[in-house]
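Chemist: Data file work-v7.cif (mmCIF, C-alpha atoms and all ligand atoms) is appended below.
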data_entry
loop_
_atom_site.label_atom_id
_atom_site.label_comp_id
_atom_site.auth_asym_id
_atom_site.auth_seq_id
_atom_site.Cartn_x
_atom_site.Cartn_y
_atom_site.Cartn_z
CA MET A 1 -11.20 -10.56 -24.08
CA SER A 2 -9.28 -7.86 -22.31
CA SER A 3 -11.18 -4.61 -22.39
CA GLU A 4 -10.12 -2.74 -19.31
CA TRP A 5 -12.69 -0.41 -17.79
CA PRO A 6 -11.66 3.22 -18.26
CA LEU A 7 -9.78 5.10 -15.55
CA TRP A 8 -11.53 7.87 -13.59
CA GLU A 9 -10.02 10.55 -11.39
CA VAL A 10 -11.87 11.02 -8.11
CA PHE A 11 -12.40 14.35 -6.35
CA ILE A 12 -13.98 14.58 -2.92
CA ARG A 13 -15.33 17.46 -0.88
CA GLY A 14 -14.52 16.93 2.77
CA GLN A 15 -16.84 17.85 5.60
CA HIS A 16 -15.63 21.36 6.15
CA GLY A 17 -16.84 23.36 3.18
CA LEU A 18 -13.57 22.97 1.31
CA ASN A 19 -13.08 22.59 -2.42
CA HIS A 20 -13.28 19.18 -4.00
CA ARG A 21 -9.83 17.66 -3.80
CA HIS A 22 -8.19 14.99 -5.92
CA VAL A 23 -7.89 11.81 -3.85
CA GLY A 24 -6.93 9.16 -6.40
CA SER A 25 -8.32 7.21 -9.28
CA LEU A 26 -10.18 4.00 -10.05
CA HIS A 27 -11.52 1.92 -12.90
CA ALA A 28 -15.26 1.78 -13.66
CA PRO A 29 -17.36 1.09 -16.76
CA ASP A 30 -19.29 4.37 -16.55
CA ALA A 31 -19.71 7.53 -14.50
CA GLU A 32 -22.47 6.13 -12.33
CA MET A 33 -20.41 3.09 -11.33
CA ALA A 34 -17.38 5.30 -10.84
CA ILE A 35 -19.32 7.27 -8.21
CA HIS A 36 -20.42 4.06 -6.48
CA ASN A 37 -16.91 2.65 -6.50
CA ALA A 38 -15.45 5.95 -5.31
CA ARG A 39 -17.83 5.82 -2.35
CA ASP A 40 -16.45 2.40 -1.38
CA VAL A 41 -12.80 3.03 -2.16
CA TYR A 42 -12.32 6.59 -0.91
CA THR A 43 -15.00 7.38 1.69
CA ARG A 44 -15.21 4.36 3.99
CA ARG A 45 -14.74 6.62 7.02
CA ASN A 46 -16.91 9.63 6.28
CA GLU A 47 -14.18 11.41 4.37
CA GLY A 48 -16.60 13.29 2.18
CA VAL A 49 -19.99 14.83 1.48
CA SER A 50 -19.70 15.07 -2.29
CA ILE A 51 -17.89 13.16 -5.05
CA TRP A 52 -16.84 14.23 -8.55
CA VAL A 53 -15.50 11.75 -11.07
CA VAL A 54 -13.82 12.71 -14.34
CA ARG A 55 -12.49 10.41 -16.99
CA SER A 56 -8.69 10.55 -16.79
CA THR A 57 -8.48 10.96 -20.57
CA ASP A 58 -10.59 14.13 -20.33
CA ILE A 59 -8.01 15.90 -18.19
CA THR A 60 -5.53 18.17 -19.92
CA ALA A 61 -2.40 18.66 -17.87
CA SER A 62 0.41 21.15 -18.14
CA VAL A 63 3.68 19.65 -19.35
CA PRO A 64 6.24 19.12 -16.56
CA SER A 65 9.14 20.23 -18.77
CA GLU A 66 7.41 23.56 -19.44
CA LYS A 67 7.25 24.36 -15.75
CA GLY A 68 9.76 27.19 -16.24
CA PRO A 69 8.07 29.21 -19.01
CA LEU A 70 4.71 28.63 -17.35
CA PHE A 71 5.42 29.67 -13.79
CA ASP A 72 8.64 31.70 -13.79
CA PRO A 73 6.96 34.96 -14.95
CA SER A 74 5.21 35.32 -11.59
CA ASN A 75 8.51 35.03 -9.71
CA SER A 76 9.52 38.62 -10.41
CA LYS A 77 6.18 40.14 -9.42
CA VAL A 78 6.76 40.27 -5.72
CA TYR A 79 4.53 43.37 -5.44
CA ARG A 80 1.58 41.00 -5.73
CA HIS A 81 2.18 40.09 -2.11
CA PRO A 82 1.02 42.58 0.54
CA THR A 83 4.27 42.15 2.47
CA PHE A 84 6.03 44.02 -0.40
CA PHE A 85 4.70 47.29 1.02
CA ASP A 86 5.82 48.91 4.23
CA VAL A 87 3.01 50.25 6.31
CA PRO A 88 4.10 52.69 9.07
CA GLU A 89 3.26 51.36 12.49
CA GLU A 90 1.21 54.49 13.35
CA VAL A 91 -1.19 53.66 10.53
CA GLY A 92 -2.37 50.61 12.38
CA HIS A 93 -3.91 47.50 10.93
CA MET A 94 -4.27 47.49 7.15
CA MET B 1 7.76 -6.95 3.56
CA TYR B 2 4.59 -6.56 1.51
CA ALA B 3 7.12 -6.05 -1.24
CA GLN B 4 9.90 -8.50 -0.36
CA MET B 5 13.18 -8.77 -2.19
CA VAL B 6 12.24 -6.36 -4.94
CA LYS B 7 14.94 -6.53 -7.57
CA THR B 8 16.37 -3.07 -8.13
CA ASP B 9 17.44 -1.94 -11.57
CA GLY B 10 20.90 -0.44 -11.62
CA ALA B 11 24.12 -2.40 -11.18
CA CYS B 12 25.64 -0.11 -8.57
CA VAL B 13 24.89 3.23 -7.00
CA LYS B 14 26.38 5.99 -9.13
CA SER B 15 27.91 9.07 -7.60
CA LEU B 16 26.53 12.45 -8.68
CA GLU B 17 29.73 13.13 -10.65
CA ASP B 18 29.21 10.01 -12.76
CA MET B 19 25.68 10.97 -13.77
CA GLU B 20 24.46 12.62 -16.95
CA PRO B 21 23.01 16.10 -16.27
CA GLN B 22 19.38 14.94 -16.40
CA GLU B 23 19.92 12.06 -14.00
CA ARG B 24 22.00 14.23 -11.74
CA ALA B 25 19.26 16.85 -11.54
CA PHE B 26 16.82 14.07 -10.73
CA GLN B 27 19.01 12.66 -7.94
CA GLU B 28 19.58 16.13 -6.51
CA ARG B 29 15.82 16.67 -6.30
CA ILE B 30 15.48 13.39 -4.40
CA ASP B 31 18.36 14.30 -2.11
CA ALA B 32 16.62 17.61 -1.40
CA GLY B 33 13.51 15.70 -0.31
CA GLN B 34 11.39 16.70 -3.31
CA LYS B 35 8.70 14.38 -4.66
CA ILE B 36 8.88 12.92 -8.13
CA GLU B 37 5.53 13.05 -9.92
CA PRO B 38 4.10 11.03 -12.85
CA LYS B 39 5.16 12.16 -16.34
CA GLU B 40 8.28 13.84 -14.99
CA TRP B 41 11.59 12.56 -16.27
CA MET B 42 12.97 9.64 -14.27
CA PRO B 43 15.65 7.02 -14.87
CA GLU B 44 14.21 3.87 -16.43
CA GLY B 45 15.61 1.83 -13.54
CA TYR B 46 13.73 3.96 -11.01
CA ARG B 47 10.50 3.50 -12.93
CA LYS B 48 10.89 -0.25 -13.34
CA THR B 49 11.89 -0.83 -9.74
CA LEU B 50 8.92 1.16 -8.50
CA VAL B 51 6.51 -0.69 -10.78
CA ARG B 52 7.80 -3.94 -9.32
CA GLN B 53 7.67 -2.71 -5.75
CA ILE B 54 4.26 -1.02 -5.88
CA SER B 55 2.57 -3.81 -7.82
CA GLN B 56 3.98 -6.41 -5.45
CA HIS B 57 2.69 -4.36 -2.56
CA ALA B 58 -0.74 -4.13 -4.23
CA HIS B 59 -0.85 -7.88 -4.91
CA SER B 60 -0.06 -8.52 -1.23
CA GLU B 61 -2.99 -6.40 -0.10
CA ILE B 62 -5.31 -8.22 -2.47
CA VAL B 63 -4.10 -11.78 -1.78
CA GLY B 64 -3.93 -10.85 1.91
CA GLN B 65 -7.72 -10.75 1.99
CA LEU B 66 -7.93 -14.49 1.42
CA PRO B 67 -6.60 -15.93 4.70
CA GLU B 68 -8.85 -13.59 6.69
CA GLY B 69 -11.80 -13.97 4.36
CA ASN B 70 -11.69 -17.61 5.38
CA TRP B 71 -13.12 -16.66 8.79
CA ILE B 72 -15.73 -14.04 7.88
CA THR B 73 -18.55 -16.58 7.86
CA ARG B 74 -17.29 -18.17 11.06
CA ALA B 75 -16.54 -15.15 13.24
CA PRO B 76 -17.73 -15.87 16.80
CA THR B 77 -20.13 -12.89 17.04
CA LEU B 78 -21.96 -10.59 14.68
CA GLU B 79 -19.83 -7.69 15.88
CA ARG B 80 -16.57 -9.54 15.22
CA LYS B 81 -17.90 -10.45 11.80
CA ALA B 82 -18.71 -6.82 10.97
CA ILE B 83 -15.26 -5.73 12.17
CA LEU B 84 -13.47 -8.40 10.15
CA LEU B 85 -15.52 -7.51 7.06
CA ALA B 86 -14.53 -3.86 7.43
CA LYS B 87 -10.88 -4.82 7.89
CA VAL B 88 -10.83 -7.04 4.82
CA GLN B 89 -12.64 -4.35 2.82
CA ASP B 90 -9.90 -1.90 3.82
CA GLU B 91 -7.31 -4.31 2.42
CA ALA B 92 -9.17 -4.32 -0.90
CA GLY B 93 -9.01 -0.52 -0.79
CA HIS B 94 -5.28 -0.63 -0.10
CA GLY B 95 -4.77 -2.83 -3.12
CA LEU B 96 -6.74 -0.39 -5.28
CA TYR B 97 -4.86 2.71 -4.08
CA LEU B 98 -1.60 0.97 -4.89
CA TYR B 99 -2.60 -0.37 -8.29
CA CYS B 100 -3.56 3.19 -9.26
CA ALA B 101 -0.19 4.47 -8.06
CA ALA B 102 1.58 1.84 -10.16
CA GLU B 103 -0.53 2.73 -13.21
CA THR B 104 0.83 6.27 -13.14
CA LEU B 105 4.18 4.69 -14.11
CA GLY B 106 2.81 3.32 -17.36
CA ILE B 107 1.76 -0.25 -16.58
CA SER B 108 -1.90 -1.19 -17.06
CA ARG B 109 -4.13 -2.78 -14.45
CA ASP B 110 -4.75 -5.81 -16.65
CA GLU B 111 -1.01 -6.31 -17.11
CA MET B 112 -0.52 -6.37 -13.36
CA TYR B 113 -3.36 -8.84 -12.85
CA GLU B 114 -1.92 -10.98 -15.61
CA GLN B 115 1.50 -11.00 -13.93
CA LEU B 116 -0.08 -12.05 -10.64
CA HIS B 117 -2.31 -14.71 -12.13
CA CYS B 118 0.41 -16.33 -14.21
CA GLY B 119 2.67 -16.54 -11.16
CA LYS B 120 5.28 -14.11 -12.49
CA ALA B 121 4.61 -11.39 -9.93
CA LYS B 122 5.29 -11.99 -6.25
CA TYR B 123 3.29 -11.10 -3.19
CA SER B 124 4.26 -11.31 0.47
CA SER B 125 5.25 -14.78 1.68
CA ILE B 126 3.08 -14.37 4.79
CA PHE B 127 -0.19 -14.91 2.95
CA ASN B 128 0.75 -18.45 1.97
CA TYR B 129 0.12 -19.77 5.47
CA PRO B 130 -3.24 -21.22 6.51
CA THR B 131 -5.67 -19.70 9.04
CA LEU B 132 -6.60 -22.70 11.16
CA SER B 133 -8.44 -21.14 14.09
CA TRP B 134 -10.15 -17.90 15.10
CA ALA B 135 -7.03 -16.99 17.07
CA ASP B 136 -5.17 -16.81 13.75
CA ILE B 137 -7.33 -13.84 12.81
CA GLY B 138 -6.20 -12.09 15.97
CA ALA B 139 -2.59 -13.05 15.30
CA ILE B 140 -2.71 -11.71 11.75
CA GLY B 141 -4.03 -8.31 12.81
CA TRP B 142 -1.57 -8.04 15.68
CA LEU B 143 1.56 -9.44 14.00
CA VAL B 144 1.09 -9.21 10.24
CA ASP B 145 -0.54 -5.78 10.16
CA GLY B 146 1.87 -4.78 12.93
CA ALA B 147 4.83 -5.74 10.76
CA ALA B 148 3.23 -4.03 7.77
CA ILE B 149 2.90 -0.79 9.73
CA MET B 150 6.62 -0.88 10.62
CA ASN B 151 7.40 -0.97 6.93
CA GLN B 152 4.70 1.34 5.63
CA VAL B 153 5.16 4.27 7.98
CA PRO B 154 8.59 5.23 6.53
CA LEU B 155 7.25 4.67 2.99
CA GLN B 156 4.96 7.67 3.50
CA ARG B 157 8.12 9.71 2.92
CA CYS B 158 9.21 7.87 -0.21
CA SER B 159 10.29 9.92 -3.21
CA TYR B 160 7.51 8.96 -5.61
CA GLY B 161 4.48 11.18 -4.96
CA PRO B 162 1.61 8.81 -5.83
CA TYR B 163 3.18 5.96 -3.80
CA ALA B 164 3.83 8.22 -0.80
CA ARG B 165 0.26 9.53 -0.88
CA ALA B 166 -1.19 6.02 -1.14
CA MET B 167 0.87 5.08 1.91
CA VAL B 168 -0.52 8.02 3.87
CA ARG B 169 -4.06 6.79 3.27
CA ILE B 170 -3.09 3.23 4.09
CA CYS B 171 -1.28 4.07 7.30
CA LYS B 172 -4.31 5.96 8.58
CA GLU B 173 -6.30 2.74 8.30
CA GLU B 174 -3.76 0.22 9.53
CA SER B 175 -3.82 0.90 13.23
CA PHE B 176 -7.47 -0.18 13.36
CA HIS B 177 -6.30 -3.47 11.82
CA GLN B 178 -3.63 -4.09 14.39
CA ARG B 179 -5.78 -3.12 17.34
CA GLN B 180 -8.73 -5.28 16.35
CA GLY B 181 -6.36 -8.25 16.10
CA PHE B 182 -4.80 -7.59 19.47
CA ASP B 183 -8.27 -7.17 20.93
CA VAL B 184 -9.33 -10.60 19.65
CA LEU B 185 -6.35 -12.16 21.41
CA ALA B 186 -6.71 -10.10 24.59
CA LYS B 187 -10.26 -11.46 24.97
CA MET B 188 -9.28 -15.04 24.17
CA VAL B 189 -6.42 -15.22 26.67
CA LYS B 190 -8.93 -14.37 29.39
CA GLY B 191 -11.15 -17.24 28.27
CA THR B 192 -10.97 -20.97 28.92
CA PRO B 193 -7.62 -22.80 29.01
CA ALA B 194 -8.48 -24.22 25.59
CA GLN B 195 -8.96 -20.71 24.19
CA LYS B 196 -5.70 -19.52 25.68
CA ALA B 197 -3.94 -22.55 24.21
CA MET B 198 -5.40 -21.61 20.84
CA VAL B 199 -3.79 -18.17 21.09
CA GLN B 200 -0.40 -19.64 22.02
CA ASP B 201 -0.67 -22.04 19.12
CA ALA B 202 -1.44 -19.15 16.76
CA LEU B 203 1.60 -17.23 18.01
CA ASP B 204 3.77 -20.34 17.62
CA ARG B 205 2.76 -20.64 13.98
CA TRP B 206 2.76 -16.93 13.01
CA TRP B 207 5.84 -15.66 14.82
CA TRP B 208 8.51 -16.84 12.41
CA PRO B 209 6.59 -16.13 9.22
CA SER B 210 6.00 -12.62 10.57
CA LEU B 211 9.74 -12.09 11.05
CA MET B 212 10.28 -13.37 7.51
CA MET B 213 8.03 -10.60 6.20
CA PHE B 214 10.94 -8.18 6.46
CA GLY B 215 13.01 -10.32 4.08
CA PRO B 216 16.54 -11.64 4.56
CA SER B 217 19.30 -9.39 5.75
CA ASP B 218 20.07 -6.81 3.07
CA ASP B 219 22.63 -4.62 4.77
CA ALA B 220 25.24 -5.43 2.13
CA SER B 221 22.92 -5.61 -0.86
CA VAL B 222 23.41 -3.43 -3.95
CA HIS B 223 19.67 -3.51 -4.67
CA SER B 224 18.94 -2.13 -1.28
CA ALA B 225 21.62 0.59 -1.56
CA GLN B 226 20.18 1.80 -4.88
CA SER B 227 16.62 1.78 -3.54
CA MET B 228 17.77 3.78 -0.56
CA ALA B 229 19.54 6.31 -2.77
CA TRP B 230 16.28 6.70 -4.68
CA LYS B 231 14.40 6.95 -1.38
CA ILE B 232 11.97 4.20 -2.22
CA LYS B 233 13.30 2.21 0.72
CA GLN B 234 14.26 3.93 3.94
CA ASN B 235 15.42 1.25 6.37
CA SER B 236 17.29 -2.00 6.09
CA ASN B 237 15.34 -5.22 6.61
CA ASP B 238 17.25 -6.04 9.80
CA GLU B 239 16.59 -2.61 11.24
CA LEU B 240 12.84 -2.98 10.78
CA ARG B 241 12.85 -6.56 12.05
CA GLN B 242 14.63 -5.44 15.22
CA LYS B 243 12.09 -2.67 15.74
CA PHE B 244 9.25 -5.12 15.28
CA VAL B 245 10.65 -7.60 17.82
CA ASP B 246 11.32 -4.84 20.35
CA GLN B 247 7.78 -3.58 20.04
CA THR B 248 6.03 -6.94 19.97
CA VAL B 249 7.71 -8.97 22.72
CA PRO B 250 6.36 -6.81 25.58
CA GLN B 251 2.88 -7.12 24.04
CA ALA B 252 3.24 -10.91 24.02
CA ASP B 253 4.28 -10.71 27.67
CA TYR B 254 1.19 -8.67 28.41
CA LEU B 255 -0.97 -11.37 26.83
CA GLY B 256 0.83 -13.98 28.94
CA LEU B 257 2.21 -15.72 25.85
CA THR B 258 5.58 -17.28 25.17
CA VAL B 259 7.41 -16.16 22.04
CA PRO B 260 8.61 -19.40 20.40
CA ASP B 261 12.28 -18.41 20.24
CA PRO B 262 14.73 -19.95 22.74
CA GLU B 263 17.36 -17.37 21.75
CA LEU B 264 15.14 -14.41 22.59
CA LYS B 265 16.79 -12.35 25.31
CA TRP B 266 16.83 -8.69 26.34
CA ASN B 267 20.17 -7.09 25.59
CA GLU B 268 20.68 -4.18 27.92
CA ALA B 269 23.75 -2.90 26.06
CA LYS B 270 21.98 -2.45 22.73
CA GLY B 271 18.65 -1.55 24.29
CA GLY B 272 16.84 -4.20 22.30
CA TYR B 273 16.23 -7.93 22.11
CA ASP B 274 18.59 -10.52 20.74
CA PHE B 275 16.66 -13.09 18.80
CA GLY B 276 17.06 -16.11 16.54
CA GLN B 277 16.86 -16.25 12.76
CA PRO B 278 13.81 -17.58 10.94
CA ASP B 279 14.25 -20.64 8.75
CA TRP B 280 15.33 -18.86 5.55
CA LYS B 281 15.18 -22.10 3.59
CA GLU B 282 11.47 -22.20 4.30
CA PHE B 283 11.17 -18.55 3.27
CA PHE B 284 12.78 -19.18 -0.13
CA GLU B 285 10.56 -22.22 -0.65
CA VAL B 286 7.45 -20.12 0.01
CA ILE B 287 8.69 -17.34 -2.27
CA ALA B 288 9.36 -19.93 -4.98
CA GLY B 289 5.72 -20.98 -4.81
CA ASN B 290 6.03 -24.02 -2.57
CA GLY B 291 4.46 -22.72 0.65
CA PRO B 292 1.51 -24.45 2.30
CA CYS B 293 -1.13 -22.32 0.53
CA ASN B 294 0.49 -20.81 -2.60
CA ALA B 295 -1.55 -22.91 -5.01
CA GLU B 296 -4.78 -22.30 -3.11
CA ARG B 297 -4.25 -18.52 -2.98
CA LEU B 298 -3.40 -18.13 -6.65
CA GLY B 299 -6.20 -20.53 -7.55
CA ALA B 300 -8.69 -18.38 -5.64
CA ARG B 301 -7.44 -15.21 -7.37
CA ARG B 302 -7.64 -16.76 -10.81
CA LYS B 303 -11.08 -18.17 -10.16
CA ALA B 304 -12.38 -14.80 -8.94
CA TRP B 305 -10.98 -13.12 -12.07
CA ASP B 306 -12.38 -15.73 -14.47
CA ASP B 307 -15.75 -16.00 -12.73
CA GLY B 308 -16.10 -12.22 -12.81
CA ALA B 309 -15.43 -11.93 -16.56
CA TRP B 310 -19.12 -12.02 -17.56
CA PHE B 311 -19.84 -9.27 -15.05
CA ARG B 312 -17.04 -6.99 -16.21
CA GLU B 313 -18.03 -7.52 -19.83
CA GLY B 314 -21.73 -7.02 -19.07
CA LEU B 315 -21.15 -3.68 -17.37
CA ALA B 316 -18.83 -2.55 -20.16
CA ALA B 317 -21.45 -3.49 -22.77
CA HIS B 318 -24.12 -1.61 -20.82
CA ALA B 319 -21.90 1.46 -20.62
CA THR B 320 -21.24 1.37 -24.37
CA LYS B 321 -24.95 1.06 -25.17
CA ALA B 322 -25.94 3.87 -22.82
CA GLU B 323 -23.28 6.07 -24.38
CA GLN B 324 -24.56 5.28 -27.89
CA ARG B 325 -28.11 6.05 -26.83
CA ARG B 326 -26.96 9.33 -25.35
CA THR B 327 -25.09 10.45 -28.46
CA ALA B 328 -27.97 9.32 -30.69
CA GLY B 329 -30.39 11.34 -28.54
CA GLN B 330 -28.15 14.38 -28.79
CA ALA B 331 -27.95 14.07 -32.57
CA ALA B 332 -31.77 13.74 -32.87
CA GLY B 333 -32.57 16.48 -30.33
FE FE C 401 -3.28 -3.13 4.12
FE FE C 402 -2.42 -5.75 5.41
FE FE C 403 -4.03 -3.99 7.19
#
Could you render the structure as structure tokens?
Ligand SMILES: [Fe+2]
Ligand SMILES: [Fe+2]
Ligand SMILES: [Fe+2]

Modeler:
Amino acid sequence: MSSEWPLWEVFIRGQHGLNHRHVGSLHAPDAEMAIHNARDVYTRRNEGVSIWVVRSTDITASVPSEKGPLFDPSNSKVYRHPTFFDVPEEVGHM
Amino acid sequence: MYAQMVKTDGACVKSLEDMEPQERAFQERIDAGQKIEPKEWMPEGYRKTLVRQISQHAHSEIVGQLPEGNWITRAPTLERKAILLAKVQDEAGHGLYLYCAAETLGISRDEMYEQLHCGKAKYSSIFNYPTLSWADIGAIGWLVDGAAIMNQVPLQRCSYGPYARAMVRICKEESFHQRQGFDVLAKMVKGTPAQKAMVQDALDRWWWPSLMMFGPSDDASVHSAQSMAWKIKQNSNDELRQKFVDQTVPQADYLGLTVPDPELKWNEAKGGYDFGQPDWKEFFEVIAGNGPCNAERLGARRKAWDDGAWFREGLAAHATKAEQRRTAGQAAG
């Protein structure tokens, strides 16, 4: 019988109050085991203080070929960056 | 290396002008140092070659646990035992990172296991040699992990994102492996004459197989040229072997050991050592499955897989039941 355990994506919060970050994936029969396995596979050297696991099939991803239509619109909106505006030196820090 | 003699798909390296627009755009991204990510378009040859290379690398990490596992119960002190356990556990982790990276290219974990267990997939020749004494554990960390580092460091820059990221994790952990091995030997050479002799004997047996890890000369190989164009291989086998010898010989001197190569000689002009060639006939025999421990290693892998079947199935059944209970509870509540 070949019934592969489902694949889980693993997210770990490092020590320094950062967001959870994707670190990799692993196979496990259920969420509880996925957390246990993630502990052993991805935090053998204190790499984290919190683990999230999500079934890979539950993740919806943007389509690589639609990268253009999705992200290009923000290219032209340079005024969203503060450096777009000149602030006279006399005004000081702003 | 951990992936030796990976067959590359693609008969010859195409020039940009000869490529279809899609492939050309792909190659230009690689040339510009961009990473290729899963689900993005890639030439079928790139995908297949990477599957072969990454899965072979993964198999090597997994099978590589066996020669060292042999000494966990016989480590000379509790501390050495704990260190060796941690090292071997890291290797299991390395295998898992790499299997996951390969899976992003569309091969399943079970398929890869199947290829290993039926003898179709290769793993590094080095793990088909026996570990006869405690000094062998030192020699493996120092030489085998040392050689692996030579190869894995440049792979951190390889063009396929998931593989490159797995290599970053792995490289962070490897230097512990090499140092603990060197430390074992550094202690033993200060011991009794018998202990020192044990270390020399380990070096005598592991030196040539370690040089074989880099694979035969591939400077003129088409496979290698294509893999380099795709940036899934960065250095030629001879280049890495030279680097390894140059780094390792002074360390052997420090330990007061003799490298078992009568041709070994410092070459001032090239700023490196001249050295002899390993017995490539032996290498091809080992790769073909006829090394001293091939049958034992594969046998141990198969047995672990078969003996673990009830456990994998049991946990899967438990997960299914718990899920059913949960959905039934939701429906009732
Ligand atoms: Fe490793
Ligand atoms: Fe290793
Ligand atoms: Fe290692």

Chemist: Using only C-alpha atoms, which residues sit within 12 Å of segment 80-84 of chain A once same-chain residues fewer than 5 positions away are excluded, as a PyMOL selection string?

Modeler: chain A and resi 74-75+94

Chemist: Counting all atoms listed in the file, what are the residues of chain B within 7 Å of ligand FE 402 (chain C), and for each of them which pair of atoms is the nearest and at what distance in Å, to one decimal? Sort the table by chain and rising number, as a Markdown table.

Modeler:
| residue | atom | partner | partner_atom | distance |
| --- | --- | --- | --- | --- |
| B:Glu61 | CA | C:FE402 | FE | 5.6 |
| B:Gly64 | CA | C:FE402 | FE | 6.4 |
| B:Glu91 | CA | C:FE402 | FE | 5.9 |
| B:Val144 | CA | C:FE402 | FE | 6.9 |
| B:Asp145 | CA | C:FE402 | FE | 5.1 |
| B:Ala148 | CA | C:FE402 | FE | 6.4 |

Chemist: Hey, what's within 12 Å of Ala61 of chain A if we count all atoms listed in the file and toss same-chain stuff fewer than 6 positions away? As a list in words, please?

Modeler: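 Non-adjacent residues within range: Lys67 of chain A; Pro38 and Lys39 of chain B.
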
Chemist: Using all atoms listed in the file, which residues sit within 12 Å of segment 27-30 of chain A once same-chain residues fewer than 2 positions away are excluded, as a PDB file with C-alpha atoms, in the coordinates of the input?

Modeler:
ATOM      1  CA  SER A   3     -11.180  -4.610 -22.390  1.00  0.00           C
ATOM      2  CA  GLU A   4     -10.120  -2.740 -19.310  1.00  0.00           C
ATOM      3  CA  TRP A   5     -12.690  -0.410 -17.790  1.00  0.00           C
ATOM      4  CA  PRO A   6     -11.660   3.220 -18.260  1.00  0.00           C
ATOM      5  CA  LEU A   7      -9.780   5.100 -15.550  1.00  0.00           C
ATOM      6  CA  TRP A   8     -11.530   7.870 -13.590  1.00  0.00           C
ATOM      7  CA  GLU A   9     -10.020  10.550 -11.390  1.00  0.00           C
ATOM      8  CA  VAL A  10     -11.870  11.020  -8.110  1.00  0.00           C
ATOM      9  CA  GLY A  24      -6.930   9.160  -6.400  1.00  0.00           C
ATOM     10  CA  SER A  25      -8.320   7.210  -9.280  1.00  0.00           C
ATOM     11  CA  GLU A  32     -22.470   6.130 -12.330  1.00  0.00           C
ATOM     12  CA  MET A  33     -20.410   3.090 -11.330  1.00  0.00           C
ATOM     13  CA  ALA A  34     -17.380   5.300 -10.840  1.00  0.00           C
ATOM     14  CA  ILE A  35     -19.320   7.270  -8.210  1.00  0.00           C
ATOM     15  CA  HIS A  36     -20.420   4.060  -6.480  1.00  0.00           C
ATOM     16  CA  ASN A  37     -16.910   2.650  -6.500  1.00  0.00           C
ATOM     17  CA  ALA A  38     -15.450   5.950  -5.310  1.00  0.00           C
ATOM     18  CA  VAL A  41     -12.800   3.030  -2.160  1.00  0.00           C
ATOM     19  CA  VAL A  53     -15.500  11.750 -11.070  1.00  0.00           C
ATOM     20  CA  VAL A  54     -13.820  12.710 -14.340  1.00  0.00           C
ATOM     21  CA  ARG A  55     -12.490  10.410 -16.990  1.00  0.00           C
ATOM     22  CA  SER A  56      -8.690  10.550 -16.790  1.00  0.00           C
TER      23      SER A  56
ATOM     24  CA  LEU B  96      -6.740  -0.390  -5.280  1.00  0.00           C
ATOM     25  CA  TYR B  97      -4.860   2.710  -4.080  1.00  0.00           C
ATOM     26  CA  TYR B  99      -2.600  -0.370  -8.290  1.00  0.00           C
ATOM     27  CA  CYS B 100      -3.560   3.190  -9.260  1.00  0.00           C
ATOM     28  CA  GLU B 103      -0.530   2.730 -13.210  1.00  0.00           C
ATOM     29  CA  SER B 108      -1.900  -1.190 -17.060  1.00  0.00           C
ATOM     30  CA  ARG B 109      -4.130  -2.780 -14.450  1.00  0.00           C
ATOM     31  CA  ASP B 110      -4.750  -5.810 -16.650  1.00  0.00           C
ATOM     32  CA  PHE B 311     -19.840  -9.270 -15.050  1.00  0.00           C
ATOM     33  CA  ARG B 312     -17.040  -6.990 -16.210  1.00  0.00           C
ATOM     34  CA  GLU B 313     -18.030  -7.520 -19.830  1.00  0.00           C
ATOM     35  CA  GLY B 314     -21.730  -7.020 -19.070  1.00  0.00           C
ATOM     36  CA  LEU B 315     -21.150  -3.680 -17.370  1.00  0.00           C
ATOM     37  CA  ALA B 316     -18.830  -2.550 -20.160  1.00  0.00           C
ATOM     38  CA  ALA B 317     -21.450  -3.490 -22.770  1.00  0.00           C
ATOM     39  CA  HIS B 318     -24.120  -1.610 -20.820  1.00  0.00           C
ATOM     40  CA  ALA B 319     -21.900   1.460 -20.620  1.00  0.00           C
ATOM     41  CA  THR B 320     -21.240   1.370 -24.370  1.00  0.00           C
ATOM     42  CA  LYS B 321     -24.950   1.060 -25.170  1.00  0.00           C
ATOM     43  CA  ALA B 322     -25.940   3.870 -22.820  1.00  0.00           C
ATOM     44  CA  GLU B 323     -23.280   6.070 -24.380  1.00  0.00           C
TER      45      GLU B 323
END

Chemist: Return as a CSV table (one decimal) with C-alpha atoms, in the frame of the given file every polymer residue, whether protein, DNA or RNA, with at least one atom no more than 10 Å from an atom of ligand FE 403 (chain C); count all atoms listed in the file.

Modeler:
chain,number,residue,atom,x,y,z
B,61,GLU,CA,-3.0,-6.4,-0.1
B,64,GLY,CA,-3.9,-10.8,1.9
B,65,GLN,CA,-7.7,-10.8,2.0
B,87,LYS,CA,-10.9,-4.8,7.9
B,88,VAL,CA,-10.8,-7.0,4.8
B,89,GLN,CA,-12.6,-4.4,2.8
B,90,ASP,CA,-9.9,-1.9,3.8
B,91,GLU,CA,-7.3,-4.3,2.4
B,92,ALA,CA,-9.2,-4.3,-0.9
B,94,HIS,CA,-5.3,-0.6,-0.1
B,140,ILE,CA,-2.7,-11.7,11.8
B,141,GLY,CA,-4.0,-8.3,12.8
B,142,TRP,CA,-1.6,-8.0,15.7
B,144,VAL,CA,1.1,-9.2,10.2
B,145,ASP,CA,-0.5,-5.8,10.2
B,146,GLY,CA,1.9,-4.8,12.9
B,147,ALA,CA,4.8,-5.7,10.8
B,148,ALA,CA,3.2,-4.0,7.8
B,149,ILE,CA,2.9,-0.8,9.7
B,170,ILE,CA,-3.1,3.2,4.1
B,171,CYS,CA,-1.3,4.1,7.3
B,173,GLU,CA,-6.3,2.7,8.3
B,174,GLU,CA,-3.8,0.2,9.5
B,175,SER,CA,-3.8,0.9,13.2
B,176,PHE,CA,-7.5,-0.2,13.4
B,177,HIS,CA,-6.3,-3.5,11.8
B,178,GLN,CA,-3.6,-4.1,14.4
